[in-house]
file protein.txt (compact mmCIF, C-alpha atoms)
# COMPACT_ATOMS: atom_id res chain seq x y z
CA MET P 16 -31.08 -17.11 -62.91
CA ALA P 17 -27.87 -18.48 -64.36
CA THR P 18 -25.49 -15.84 -65.58
CA PRO P 19 -22.90 -17.35 -67.96
CA THR P 20 -19.58 -15.57 -68.06
CA THR P 21 -16.17 -16.52 -69.35
CA SER P 22 -14.25 -14.92 -66.49
CA PRO P 23 -16.01 -14.46 -63.14
CA GLY P 24 -14.12 -11.93 -61.02
CA PRO P 25 -12.40 -12.88 -57.77
CA LEU P 26 -15.22 -11.16 -55.85
CA THR P 27 -18.12 -12.60 -57.84
CA GLY P 28 -20.79 -13.74 -55.40
CA PHE P 29 -19.67 -11.47 -52.57
CA THR P 30 -21.53 -8.44 -51.22
CA VAL P 31 -19.30 -5.70 -49.80
CA GLY P 32 -20.39 -2.73 -47.72
CA VAL P 33 -18.69 0.60 -48.49
CA THR P 34 -18.77 3.15 -45.66
CA ALA P 35 -16.56 5.80 -47.28
CA ALA P 36 -17.76 9.22 -48.35
CA ARG P 37 -14.64 10.65 -49.95
CA ARG P 38 -13.48 8.73 -53.05
CA ARG P 39 -16.48 6.42 -52.69
CA GLU P 40 -17.03 6.23 -56.44
CA GLU P 41 -13.45 5.08 -56.98
CA LEU P 42 -13.72 2.35 -54.35
CA VAL P 43 -17.07 1.13 -55.69
CA ALA P 44 -15.65 0.96 -59.22
CA LEU P 45 -12.65 -1.08 -58.07
CA LEU P 46 -14.90 -3.55 -56.27
CA THR P 47 -17.50 -3.95 -59.02
CA ARG P 48 -14.74 -4.42 -61.60
CA ARG P 49 -13.76 -7.53 -59.67
CA GLY P 50 -17.31 -8.84 -59.58
CA ALA P 51 -18.53 -7.71 -56.15
CA GLN P 52 -22.01 -6.46 -55.40
CA VAL P 53 -21.67 -3.24 -53.41
CA VAL P 54 -23.85 -1.70 -50.72
CA GLU P 55 -23.08 2.01 -50.44
CA ALA P 56 -23.67 3.65 -47.06
CA PRO P 57 -21.43 6.68 -46.35
CA VAL P 58 -21.30 6.94 -42.57
CA LEU P 59 -19.80 10.47 -42.49
CA ARG P 60 -19.52 13.57 -44.61
CA ILE P 61 -16.82 16.23 -44.60
CA MET P 62 -17.86 19.66 -43.38
CA PRO P 63 -17.05 22.52 -45.80
CA LEU P 64 -14.05 24.73 -45.03
CA ALA P 65 -15.14 28.12 -46.32
CA ASP P 66 -16.79 29.25 -43.09
CA ASP P 67 -14.66 27.23 -40.66
CA LEU P 68 -13.80 29.73 -37.93
CA ALA P 69 -11.68 27.23 -35.98
CA LEU P 70 -9.45 26.68 -39.02
CA ARG P 71 -9.09 30.40 -39.61
CA GLU P 72 -8.21 31.09 -35.98
CA ALA P 73 -5.60 28.31 -35.98
CA THR P 74 -4.12 29.68 -39.21
CA GLU P 75 -3.80 33.16 -37.70
CA ARG P 76 -2.06 31.67 -34.66
CA CYS P 77 0.47 30.06 -36.98
CA LEU P 78 1.30 33.50 -38.40
CA THR P 79 1.86 35.33 -35.11
CA ALA P 80 5.43 34.01 -34.74
CA PRO P 81 7.84 31.72 -36.63
CA LEU P 82 7.01 28.02 -36.72
CA ASP P 83 9.66 25.38 -35.99
CA TYR P 84 7.78 22.29 -37.19
CA VAL P 85 4.67 21.71 -39.26
CA VAL P 86 3.03 18.28 -39.43
CA ALA P 87 1.10 17.37 -42.59
CA THR P 88 -1.06 14.30 -41.92
CA THR P 89 -3.14 13.98 -45.12
CA GLY P 90 -2.88 15.19 -48.68
CA VAL P 91 -6.49 16.35 -48.90
CA GLY P 92 -6.19 18.11 -45.55
CA TRP P 93 -3.01 19.95 -46.52
CA ARG P 94 -4.44 21.08 -49.85
CA GLY P 95 -7.63 22.19 -48.11
CA TRP P 96 -5.66 24.25 -45.61
CA MET P 97 -3.58 25.97 -48.26
CA SER P 98 -6.68 26.62 -50.39
CA ALA P 99 -8.66 28.05 -47.47
CA ALA P 100 -5.76 30.32 -46.50
CA GLU P 101 -5.52 31.52 -50.11
CA GLY P 102 -9.23 32.38 -50.03
CA TRP P 103 -8.71 34.48 -46.91
CA GLY P 104 -5.78 36.31 -48.53
CA ARG P 105 -3.30 34.57 -46.21
CA GLY P 106 -1.94 31.96 -48.59
CA THR P 107 1.44 33.60 -49.22
CA ALA P 108 2.00 34.30 -45.53
CA LEU P 109 1.15 30.72 -44.56
CA ALA P 110 3.44 29.29 -47.25
CA GLU P 111 6.32 31.46 -46.01
CA ALA P 112 5.68 30.41 -42.40
CA CYS P 113 5.82 26.74 -43.42
CA ARG P 114 8.90 27.32 -45.59
CA GLY P 115 10.76 28.56 -42.53
CA ALA P 116 9.88 25.41 -40.58
CA VAL P 117 10.69 21.72 -40.88
CA VAL P 118 7.69 20.08 -42.55
CA LEU P 119 6.90 16.50 -41.56
CA SER P 120 4.58 14.52 -43.85
CA ARG P 121 2.82 11.34 -42.71
CA GLY P 122 2.93 9.50 -46.04
CA PRO P 123 3.23 9.79 -49.83
CA LYS P 124 -0.10 11.58 -50.30
CA ALA P 125 0.76 14.21 -47.72
CA THR P 126 4.25 14.48 -49.19
CA GLY P 127 2.82 15.03 -52.68
CA ALA P 128 0.51 17.76 -51.42
CA VAL P 129 3.36 19.48 -49.56
CA ARG P 130 5.55 19.46 -52.66
CA ALA P 131 2.67 20.65 -54.85
CA SER P 132 2.41 23.72 -52.61
CA GLY P 133 6.04 24.57 -53.35
CA LEU P 134 7.50 23.19 -50.12
CA GLY P 135 9.69 20.21 -49.23
CA GLU P 136 9.39 17.65 -46.46
CA GLY P 137 12.08 17.26 -43.81
CA PHE P 138 10.93 13.81 -42.73
CA SER P 139 8.33 11.25 -43.80
CA PRO P 140 8.04 7.84 -42.08
CA GLY P 141 8.03 4.74 -44.24
CA SER P 142 5.28 3.29 -42.04
CA GLU P 143 2.94 6.24 -42.78
CA ALA P 144 2.13 6.17 -39.04
CA THR P 145 1.44 9.22 -36.91
CA ASP P 146 3.20 7.47 -34.01
CA GLU P 147 6.47 7.47 -35.94
CA LEU P 148 6.16 11.21 -36.56
CA LEU P 149 5.76 11.70 -32.81
CA THR P 150 8.79 9.53 -32.05
CA TRP P 151 10.88 11.58 -34.50
CA LEU P 152 9.83 14.85 -32.87
CA LEU P 153 10.34 13.63 -29.30
CA ALA P 154 13.93 12.71 -30.18
CA ARG P 155 14.64 16.45 -30.58
CA PRO P 156 14.79 19.36 -28.10
CA LEU P 157 11.31 20.89 -28.16
CA ASP P 158 11.28 23.34 -25.28
CA GLY P 159 10.01 26.66 -26.65
CA CYS P 160 9.35 25.27 -30.15
CA ARG P 161 6.17 26.18 -32.03
CA ILE P 162 4.58 23.20 -33.78
CA ALA P 163 1.53 23.22 -36.06
CA ILE P 164 -0.35 19.93 -36.54
CA GLN P 165 -2.72 19.64 -39.49
CA GLU P 166 -5.43 17.29 -38.21
CA HIS P 167 -7.35 14.94 -40.47
CA GLY P 168 -10.95 14.68 -39.33
CA VAL P 169 -10.20 13.48 -35.81
CA ARG P 170 -8.42 15.34 -33.05
CA LEU P 171 -4.83 14.32 -32.26
CA ASP P 172 -5.04 15.27 -28.60
CA ALA P 173 -2.59 12.62 -27.31
CA PHE P 174 -0.06 13.60 -30.00
CA ALA P 175 -0.31 17.27 -29.04
CA ALA P 176 -0.20 16.54 -25.28
CA ALA P 177 3.05 14.58 -25.64
CA LEU P 178 4.67 17.56 -27.39
CA ARG P 179 3.37 20.05 -24.81
CA GLU P 180 4.86 17.91 -22.03
CA ARG P 181 8.24 18.54 -23.65
CA GLY P 182 7.69 22.29 -23.55
CA ALA P 183 6.43 22.91 -27.08
CA GLU P 184 3.66 25.33 -28.05
CA VAL P 185 1.28 23.25 -30.18
CA ILE P 186 -1.26 24.66 -32.63
CA SER P 187 -3.87 22.11 -33.68
CA VAL P 188 -5.19 22.91 -37.15
CA PRO P 189 -8.59 21.22 -37.73
CA VAL P 190 -8.64 21.35 -41.52
CA TYR P 191 -11.82 19.37 -41.97
CA GLN P 192 -14.32 17.89 -39.60
CA TRP P 193 -16.66 14.95 -39.89
CA ALA P 194 -20.42 15.19 -39.55
CA PRO P 195 -23.22 12.63 -39.90
CA PRO P 196 -24.56 12.10 -43.43
CA ASP P 197 -27.65 13.98 -44.47
CA ASP P 198 -29.48 10.66 -44.88
CA MET P 199 -28.89 8.04 -42.19
CA ALA P 200 -31.21 5.43 -43.74
CA PRO P 201 -28.48 3.69 -45.83
CA VAL P 202 -26.25 3.39 -42.75
CA ARG P 203 -29.04 1.89 -40.68
CA ARG P 204 -29.77 -0.59 -43.49
CA LEU P 205 -26.10 -1.59 -43.65
CA VAL P 206 -26.09 -2.17 -39.88
CA ASP P 207 -29.11 -4.44 -40.29
CA GLN P 208 -27.54 -6.26 -43.25
CA THR P 209 -24.40 -6.82 -41.19
CA VAL P 210 -26.39 -8.39 -38.37
CA ARG P 211 -28.27 -10.59 -40.86
CA ARG P 212 -24.98 -11.60 -42.55
CA GLN P 213 -26.24 -10.24 -45.87
CA VAL P 214 -22.84 -8.66 -46.51
CA HIS P 215 -19.61 -10.63 -46.57
CA ALA P 216 -17.27 -7.73 -45.81
CA LEU P 217 -17.27 -4.11 -44.65
CA THR P 218 -14.66 -1.64 -45.89
CA PHE P 219 -13.46 1.31 -43.81
CA THR P 220 -11.15 4.10 -44.96
CA SER P 221 -10.83 6.08 -41.70
CA ALA P 222 -10.97 5.50 -37.95
CA PRO P 223 -13.83 8.03 -37.57
CA ALA P 224 -15.85 5.96 -40.04
CA VAL P 225 -15.43 2.88 -37.85
CA ALA P 226 -16.55 4.85 -34.79
CA ALA P 227 -19.53 6.32 -36.66
CA PHE P 228 -20.68 2.89 -37.91
CA LEU P 229 -20.52 1.41 -34.41
CA ALA P 230 -22.28 4.46 -32.98
CA THR P 231 -25.16 3.93 -35.43
CA ALA P 232 -25.30 0.27 -34.44
CA GLU P 233 -25.49 1.28 -30.79
CA ALA P 234 -28.25 3.81 -31.50
CA GLU P 235 -30.21 1.01 -33.21
CA GLY P 236 -29.69 -1.29 -30.23
CA LEU P 237 -27.55 -3.58 -32.41
CA ARG P 238 -23.99 -2.91 -31.25
CA GLU P 239 -23.38 -6.39 -29.78
CA PRO P 240 -25.01 -8.24 -32.73
CA VAL P 241 -22.83 -6.18 -35.11
CA LEU P 242 -19.67 -6.97 -33.13
CA ASP P 243 -20.65 -10.64 -33.13
CA ALA P 244 -21.00 -10.56 -36.93
CA LEU P 245 -17.62 -8.86 -37.30
CA ARG P 246 -16.00 -11.54 -35.17
CA GLY P 247 -16.87 -14.25 -37.64
CA ASP P 248 -19.10 -14.03 -40.69
CA VAL P 249 -18.52 -10.43 -41.86
CA LEU P 250 -14.91 -9.47 -42.59
CA PRO P 251 -13.90 -5.91 -41.61
CA VAL P 252 -11.27 -4.60 -44.02
CA CYS P 253 -9.50 -1.32 -43.26
CA VAL P 254 -7.30 0.85 -45.44
CA GLY P 255 -4.49 0.92 -42.88
CA ALA P 256 -3.38 0.19 -39.32
CA LEU P 257 -4.54 3.57 -37.98
CA CYS P 258 -7.99 3.01 -39.46
CA ALA P 259 -8.13 -0.50 -37.94
CA ARG P 260 -7.17 0.58 -34.44
CA PRO P 261 -10.74 1.18 -33.08
CA LEU P 262 -11.66 -2.38 -34.10
CA ALA P 263 -8.42 -3.86 -32.79
CA ASP P 264 -9.02 -2.09 -29.45
CA LEU P 265 -12.29 -4.04 -29.22
CA GLY P 266 -10.46 -7.31 -29.84
CA LEU P 267 -11.95 -7.72 -33.32
CA PRO P 268 -9.95 -9.42 -36.09
CA THR P 269 -9.14 -6.97 -38.87
CA VAL P 270 -7.11 -7.03 -42.05
CA HIS P 271 -5.44 -4.13 -43.79
CA PRO P 272 -2.82 -3.73 -46.53
CA GLU P 273 0.72 -2.72 -45.70
CA ARG P 274 0.29 0.50 -47.66
CA GLY P 275 -2.83 2.56 -47.14
CA ARG P 276 -4.22 2.70 -50.68
CA LEU P 277 -7.67 1.93 -52.02
CA GLY P 278 -6.21 -0.30 -54.70
CA SER P 279 -4.23 -2.24 -52.09
CA LEU P 280 -7.36 -2.60 -49.95
CA VAL P 281 -9.35 -4.08 -52.85
CA ARG P 282 -6.52 -6.41 -53.89
CA LEU P 283 -6.27 -7.72 -50.32
CA LEU P 284 -10.03 -8.22 -50.18
CA ALA P 285 -9.94 -10.10 -53.49
CA GLU P 286 -7.23 -12.39 -52.09
CA ILE P 287 -8.90 -13.15 -48.75
CA LEU P 288 -12.66 -13.33 -49.37
CA PRO P 289 -12.59 -16.18 -51.92
CA THR P 290 -10.75 -18.36 -49.38
CA LEU P 291 -13.44 -17.96 -46.69
CA GLY P 292 -16.21 -20.55 -46.68
CA ARG P 293 -15.17 -21.84 -50.09
CA ARG P 294 -16.70 -25.20 -51.05
CA GLU P 295 -15.86 -27.32 -54.10
CA ILE P 296 -18.44 -29.78 -55.42
CA PRO P 297 -17.20 -32.33 -57.98
CA LEU P 298 -19.48 -32.86 -60.97
CA SER P 299 -19.26 -35.53 -63.63
CA ASP P 300 -17.35 -33.28 -66.03
CA ALA P 301 -16.35 -30.22 -63.98
CA VAL P 302 -16.05 -28.75 -60.50
CA LEU P 303 -18.65 -26.39 -59.04
CA THR P 304 -17.24 -23.94 -56.50
CA LEU P 305 -19.47 -22.20 -54.00
CA GLN P 306 -18.10 -18.69 -53.44
CA GLY P 307 -20.13 -16.22 -51.44
CA ASN P 308 -23.55 -16.15 -53.08
CA ALA P 309 -22.36 -17.58 -56.38
CA ALA P 310 -21.82 -21.06 -57.74
CA LEU P 311 -18.91 -21.03 -60.19
CA VAL P 312 -18.24 -23.84 -62.64
CA ASP P 313 -14.70 -24.25 -63.93
CA VAL P 314 -15.94 -24.40 -67.52
CA GLY P 315 -16.80 -20.69 -67.40
CA GLU P 316 -20.29 -20.55 -65.90
CA SER P 317 -21.41 -18.52 -62.90
CA HIS P 318 -24.77 -18.82 -61.18
CA LEU P 319 -25.78 -16.04 -58.79
CA LEU P 320 -27.78 -17.34 -55.84
CA SER P 321 -29.89 -15.69 -53.19
CA PRO P 322 -28.27 -15.49 -49.72
CA ARG P 323 -30.77 -18.13 -48.48
CA GLY P 324 -30.10 -20.37 -51.47
CA ALA P 325 -26.34 -20.06 -50.98
CA ALA P 326 -26.74 -20.97 -47.29
CA VAL P 327 -28.78 -24.06 -48.20
CA LEU P 328 -26.30 -25.18 -50.86
CA ARG P 329 -23.37 -24.60 -48.53
CA ALA P 330 -25.01 -26.68 -45.79
CA LEU P 331 -25.62 -29.54 -48.22
CA ALA P 332 -22.07 -29.25 -49.62
CA GLU P 333 -20.59 -29.58 -46.14
CA ARG P 334 -22.27 -33.02 -45.85
CA PRO P 335 -22.32 -34.41 -49.41
CA GLY P 336 -24.60 -37.39 -49.76
CA ARG P 337 -26.16 -36.95 -46.33
CA VAL P 338 -29.85 -36.13 -46.07
CA LEU P 339 -30.61 -32.87 -44.25
CA SER P 340 -34.12 -32.39 -42.98
CA ARG P 341 -36.09 -29.23 -43.63
CA ALA P 342 -35.75 -28.38 -39.94
CA GLU P 343 -31.95 -28.64 -40.13
CA LEU P 344 -31.81 -26.42 -43.21
CA LEU P 345 -34.19 -23.99 -41.55
CA ARG P 346 -31.80 -23.59 -38.61
CA VAL P 347 -28.86 -22.98 -40.96
CA ALA P 348 -30.39 -20.58 -43.50
CA TRP P 349 -32.90 -18.82 -41.22
CA PRO P 350 -31.00 -18.42 -37.93
CA ASP P 351 -33.45 -15.75 -36.80
CA ALA P 352 -36.28 -18.33 -36.95
CA SER P 353 -38.36 -15.99 -39.10
CA ALA P 354 -39.69 -18.74 -41.41
CA ASP P 355 -41.21 -22.22 -41.41
CA GLU P 356 -40.37 -25.36 -43.36
CA HIS P 357 -42.39 -24.20 -46.37
CA ALA P 358 -39.79 -21.45 -46.81
CA VAL P 359 -37.15 -24.16 -47.19
CA GLU P 360 -39.12 -25.80 -50.00
CA ALA P 361 -39.50 -22.45 -51.77
CA ALA P 362 -35.78 -21.66 -51.34
CA VAL P 363 -34.79 -25.05 -52.75
CA GLY P 364 -37.05 -24.45 -55.75
CA ARG P 365 -35.40 -21.08 -56.43
CA LEU P 366 -31.96 -22.61 -55.88
CA ARG P 367 -32.63 -25.28 -58.48
CA ALA P 368 -33.83 -22.65 -60.94
CA ALA P 369 -30.67 -20.59 -60.34
CA LEU P 370 -28.43 -23.61 -60.89
CA GLY P 371 -30.00 -24.23 -64.29
CA PRO P 372 -28.42 -27.31 -65.89
CA HIS P 373 -27.02 -28.35 -62.51
CA ALA P 374 -30.39 -28.34 -60.74
CA GLY P 375 -30.17 -32.12 -60.35
CA LEU P 376 -27.49 -31.62 -57.70
CA ILE P 377 -30.27 -31.02 -55.17
CA ARG P 378 -32.16 -34.27 -54.64
CA THR P 379 -35.40 -34.58 -52.71
CA VAL P 380 -35.64 -37.54 -50.35
CA PRO P 381 -39.37 -38.08 -49.73
CA LYS P 382 -40.47 -37.46 -46.14
CA ARG P 383 -36.87 -36.88 -45.06
CA GLY P 384 -35.40 -33.77 -46.69
CA TYR P 385 -32.72 -33.01 -49.26
CA ARG P 386 -29.25 -34.18 -50.14
CA LEU P 387 -26.48 -33.13 -52.50
CA ALA P 388 -25.88 -35.58 -55.33
CA ALA P 389 -22.24 -34.98 -56.27
CA ASP P 390 -19.47 -37.26 -57.50

call {"tool": "encode", "arguments": {"input": "protein.txt", "output": "C-alpha cells"}}
result
Amino acid sequence: MATPTTSPGPLTGFTVGVTAARRREELVALLTRRGAQVVEAPVLRIMPLADDLALREATERCLTAPLDYVVATTGVGWRGWMSAAEGWGRGTALAEACRGAVVLSRGPKATGAVRASGLGEGFSPGSEATDELLTWLLARPLDGCRIAIQEHGVRLDAFAAALRERGAEVISVPVYQWAPPDDMAPVRRLVDQTVRRQVHALTFTSAPAVAAFLATAEAEGLREPVLDALRGDVLPVCVGALCARPLADLGLPTVHPERGRLGSLVRLLAEILPTLGRREIPLSDAVLTLQGNAALVDVGESHLLSPRGAAVLRALAERPGRVLSRAELLRVAWPDASADEHAVEAAVGRLRAALGPHAGLIRTVPKRGYRLAAD
C-alpha cells in the first residue's frame, strides 16, 4: 500500500542485515531512523568472563614479574579485564603492573577505557590498526621484554609470534571469546535471504562475525551462492578495515568508513546504497525514483513495494516504452524459476495497488506483456 510521508529517509526501501550481537540495538536504531528495514541475525555471542579460567591464568602470569608493554585492543575488552581482575581480588595488583609498563591503545575507545581505569597511554595509532601497533613495538629493542596483549575475540597469533621472534615474552590475554548464538535460525534465514537478494546490504562489526556468517553459509551448502551475491547485488559494509579483511582476502568488494564507528558505518551506507540501482521515471508533474524496494515521488510520497514488484518495475524502467513479455519479467524477478507467468500477472496487480495514484504507469499490452508509460 502507498505510505505517504513528507521526508523519506535515505535508506527508505532498503533492507539491511545486521549481524552484530554487541550494540545491536544501537545499530538497528540508527538504520531504522534513516528509513531502512532491518533483519536482525546475531551471528555470534560473547562468552561470559566470570568463570574464564584462561583469562585468570593469563592475568596471574602478568603479575609474576614486571611488564614492559601492555597492548589494549578494545575498550570493552580492557574494561572487562579490569572488572574481572577486580572480582578476583587482583584489580589493584593488575593496575599497578600496567602502570609500570608502557600501555599501547589501538584506538579512541581503547584509549578511553585505559584512561578510565586511571592509566595513560604511551602510544595510540591514528589508523586504529593493530598492524601499526606492531610496527611501533618492532622499532624498539624487545629482547627480554614482557608484553601483555589484550585480545578482542579473536587470537592475535601472528602479532604475538612477531614479538617472540624478537626475543620478547608474550602473554596473550583472551578477555572475551566468541561462541555461536543460542538460536541459529535467524542466521540461516539471513543466509537464505542473501542468496535470494532479499537484502540489499549486510553490516559487519567484527572479523569473527564475517567468518561466522560464511561458516553458516558453508554449513547450509550456500557458501558460493552467498559469495556470488556479495560480489554484486548485496553490499557488504564493515565497520573498519580490520573487520573487512576476511572479505577482502576472498577478493570481495567491501566498503568501510575511515573511522570505525557505528555512526560512520550507517552514514556511509546511507550515502552509497541510494546510488546503487537507482532509477528515475519522469511523470507529468513529478519524478518517481525507484530506490531499493520503494518508489519515491519528489512531491513527498513514498510507496513501499514487494521485492518482486520492485524487480518488475525496475526492469520496465530500464526499457521505458518497450513491451516486456511475461516470460522476460519472469526471468528478471524470479531468477530461481520458482514461478510461472501467472505469478507475473499477480505481481503486476500488487504493484499497481502499491503505486496507488500512479498505477497507470504499468500498461498492459494485450497478448504481448507490459510496458512502462512514462514521459

call {"tool": "closest_atom_pairs", "arguments": {"input": "protein.txt", "of": "region 114-232 of chain P", "to": "region 256-272 of chain P", "cutoff": "10 Å", "atoms": "all atoms listed in the file", "output": "tab-separated table"}}
result
residue	atom	partner	partner_atom	distance
P:Ser142	CA	P:Ala256	CA	9.6
P:Glu143	CA	P:Leu257	CA	9.3
P:Ala144	CA	P:Leu257	CA	7.2
P:Thr145	CA	P:Leu257	CA	8.3
P:Asp146	CA	P:Leu257	CA	9.5
P:Thr218	CA	P:His271	CA	9.8
P:Phe219	CA	P:Cys258	CA	7.2
P:Thr220	CA	P:Cys258	CA	6.4
P:Ser221	CA	P:Cys258	CA	4.7
P:Ala222	CA	P:Cys258	CA	4.2
P:Pro223	CA	P:Cys258	CA	7.9
P:Ala224	CA	P:Cys258	CA	8.4
P:Val225	CA	P:Pro261	CA	6.9
P:Ala226	CA	P:Pro261	CA	7.1
P:Leu229	CA	P:Leu262	CA	9.6

call {"tool": "write_last_selection", "arguments": {"input": "protein.txt", "atoms": "C-alpha atoms", "output": "PDB file, in the frame of the given file"}}
result
ATOM      1  CA  SER P 142       5.280   3.290 -42.040  1.00  0.00           C
ATOM      2  CA  GLU P 143       2.940   6.240 -42.780  1.00  0.00           C
ATOM      3  CA  ALA P 144       2.130   6.170 -39.040  1.00  0.00           C
ATOM      4  CA  THR P 145       1.440   9.220 -36.910  1.00  0.00           C
ATOM      5  CA  ASP P 146       3.200   7.470 -34.010  1.00  0.00           C
ATOM      6  CA  THR P 218     -14.660  -1.640 -45.890  1.00  0.00           C
ATOM      7  CA  PHE P 219     -13.460   1.310 -43.810  1.00  0.00           C
ATOM      8  CA  THR P 220     -11.150   4.100 -44.960  1.00  0.00           C
ATOM      9  CA  SER P 221     -10.830   6.080 -41.700  1.00  0.00           C
ATOM     10  CA  ALA P 222     -10.970   5.500 -37.950  1.00  0.00           C
ATOM     11  CA  PRO P 223     -13.830   8.030 -37.570  1.00  0.00           C
ATOM     12  CA  ALA P 224     -15.850   5.960 -40.040  1.00  0.00           C
ATOM     13  CA  VAL P 225     -15.430   2.880 -37.850  1.00  0.00           C
ATOM     14  CA  ALA P 226     -16.550   4.850 -34.790  1.00  0.00           C
ATOM     15  CA  LEU P 229     -20.520   1.410 -34.410  1.00  0.00           C
TER      16      LEU P 229
END

call {"tool": "residues_around", "arguments": {"input": "protein.txt", "residues": "Glu295 (chain P)", "least_positions_apart": "5", "cutoff": "10 Å", "atoms": "only C-alpha atoms", "output": "list in words"}}
result
Val302, Leu303, Thr304, Leu305, Gln306, Ala310, Leu311, Val312, Arg329, Ala332 and Glu333 of chain P

call {"tool": "residues_around", "arguments": {"input": "protein.txt", "residues": "Leu205 (chain P)", "least_positions_apart": "6", "cutoff": "10 Å", "atoms": "only C-alpha atoms", "output": "PyMOL selection string"}}
result
chain P and resi 32-34+54-58+211+213-214+217+228+231-232

call {"tool": "atom_distance", "arguments": {"input": "protein.txt", "atom1": "CA of Asp248 (chain P)", "atom2": "CA of Ala285 (chain P)"}}
result
16.2 Å

call {"tool": "residues_near_point", "arguments": {"input": "protein.txt", "point": "(-28.1, -34.9, -56.4)", "cutoff": "8 Å", "atoms": "only C-alpha atoms", "output": "PyMOL selection string"}}
result
chain P and resi 336+375-378+386-389

call {"tool": "write_last_selection", "arguments": {"input": "protein.txt", "atoms": "C-alpha atoms", "output": "short mmCIF file (atom, residue, chain, number, x, y, z; two decimals), keeping the file's coordinate frame"}}
result
data_model
loop_
_atom_site.label_atom_id
_atom_site.label_comp_id
_atom_site.auth_asym_id
_atom_site.auth_seq_id
_atom_site.Cartn_x
_atom_site.Cartn_y
_atom_site.Cartn_z
CA GLY P 336 -24.60 -37.39 -49.76
CA GLY P 375 -30.17 -32.12 -60.35
CA LEU P 376 -27.49 -31.62 -57.70
CA ILE P 377 -30.27 -31.02 -55.17
CA ARG P 378 -32.16 -34.27 -54.64
CA ARG P 386 -29.25 -34.18 -50.14
CA LEU P 387 -26.48 -33.13 -52.50
CA ALA P 388 -25.88 -35.58 -55.33
CA ALA P 389 -22.24 -34.98 -56.27
#

call {"tool": "atom_distance", "arguments": {"input": "protein.txt", "atom1": "CA of Val53 (chain P)", "atom2": "CA of Thr27 (chain P)"}}
result
10.9 Å

call {"tool": "atom_distance", "arguments": {"input": "protein.txt", "atom1": "CA of Thr379 (chain P)", "atom2": "CA of Glu316 (chain P)"}}
result
24.5 Å

call {"tool": "closest_residue", "arguments": {"input": "protein.txt", "among": "P:Leu291, P:Ser120, P:Arg71, P:Ala128", "to": "Gly104 (chain P)", "atoms": "all atoms listed in the file"}}
result
P:Arg71

call {"tool": "closest_residue", "arguments": {"input": "protein.txt", "among": "P:Pro240, P:Gly255, P:Gly133, P:Gly102", "to": "Arg212 (chain P)", "atoms": "all atoms listed in the file"}}
result
P:Pro240

call {"tool": "residues_around", "arguments": {"input": "protein.txt", "residues": "Ala309 (chain P)", "least_positions_apart": "5", "cutoff": "7 Å", "atoms": "all atoms listed in the file", "output": "number ranges by chain"}}
result
P: 27-28, 317-320

call {"tool": "residues_around", "arguments": {"input": "protein.txt", "residues": "Ser187 (chain P)", "least_positions_apart": "3", "cutoff": "7 Å", "atoms": "all atoms listed in the file", "output": "number ranges by chain"}}
result
P: 73, 163-166

call {"tool": "write_last_selection", "arguments": {"input": "protein.txt", "atoms": "C-alpha atoms", "output": "compact mmCIF listing (two decimals), keeping the file's coordinate frame"}}
result
# COMPACT_ATOMS: atom_id res chain seq x y z
CA ALA P 73 -5.60 28.31 -35.98
CA ALA P 163 1.53 23.22 -36.06
CA ILE P 164 -0.35 19.93 -36.54
CA GLN P 165 -2.72 19.64 -39.49
CA GLU P 166 -5.43 17.29 -38.21

call {"tool": "closest_residue", "arguments": {"input": "protein.txt", "among": "P:Arg76, P:Arg38, P:Arg293, P:Arg181", "to": "Arg105 (chain P)", "atoms": "only C-alpha atoms"}}
result
P:Arg76

call {"tool": "closest_residue", "arguments": {"input": "protein.txt", "among": "P:Arg121, P:Arg170, P:Arg238, P:Arg274", "to": "Trp151 (chain P)", "atoms": "all atoms listed in the file"}}
result
P:Arg121

call {"tool": "closest_residue", "arguments": {"input": "protein.txt", "among": "P:His167, P:Gly135, P:Arg37, P:Leu119", "to": "Thr89 (chain P)", "atoms": "only C-alpha atoms"}}
result
P:His167
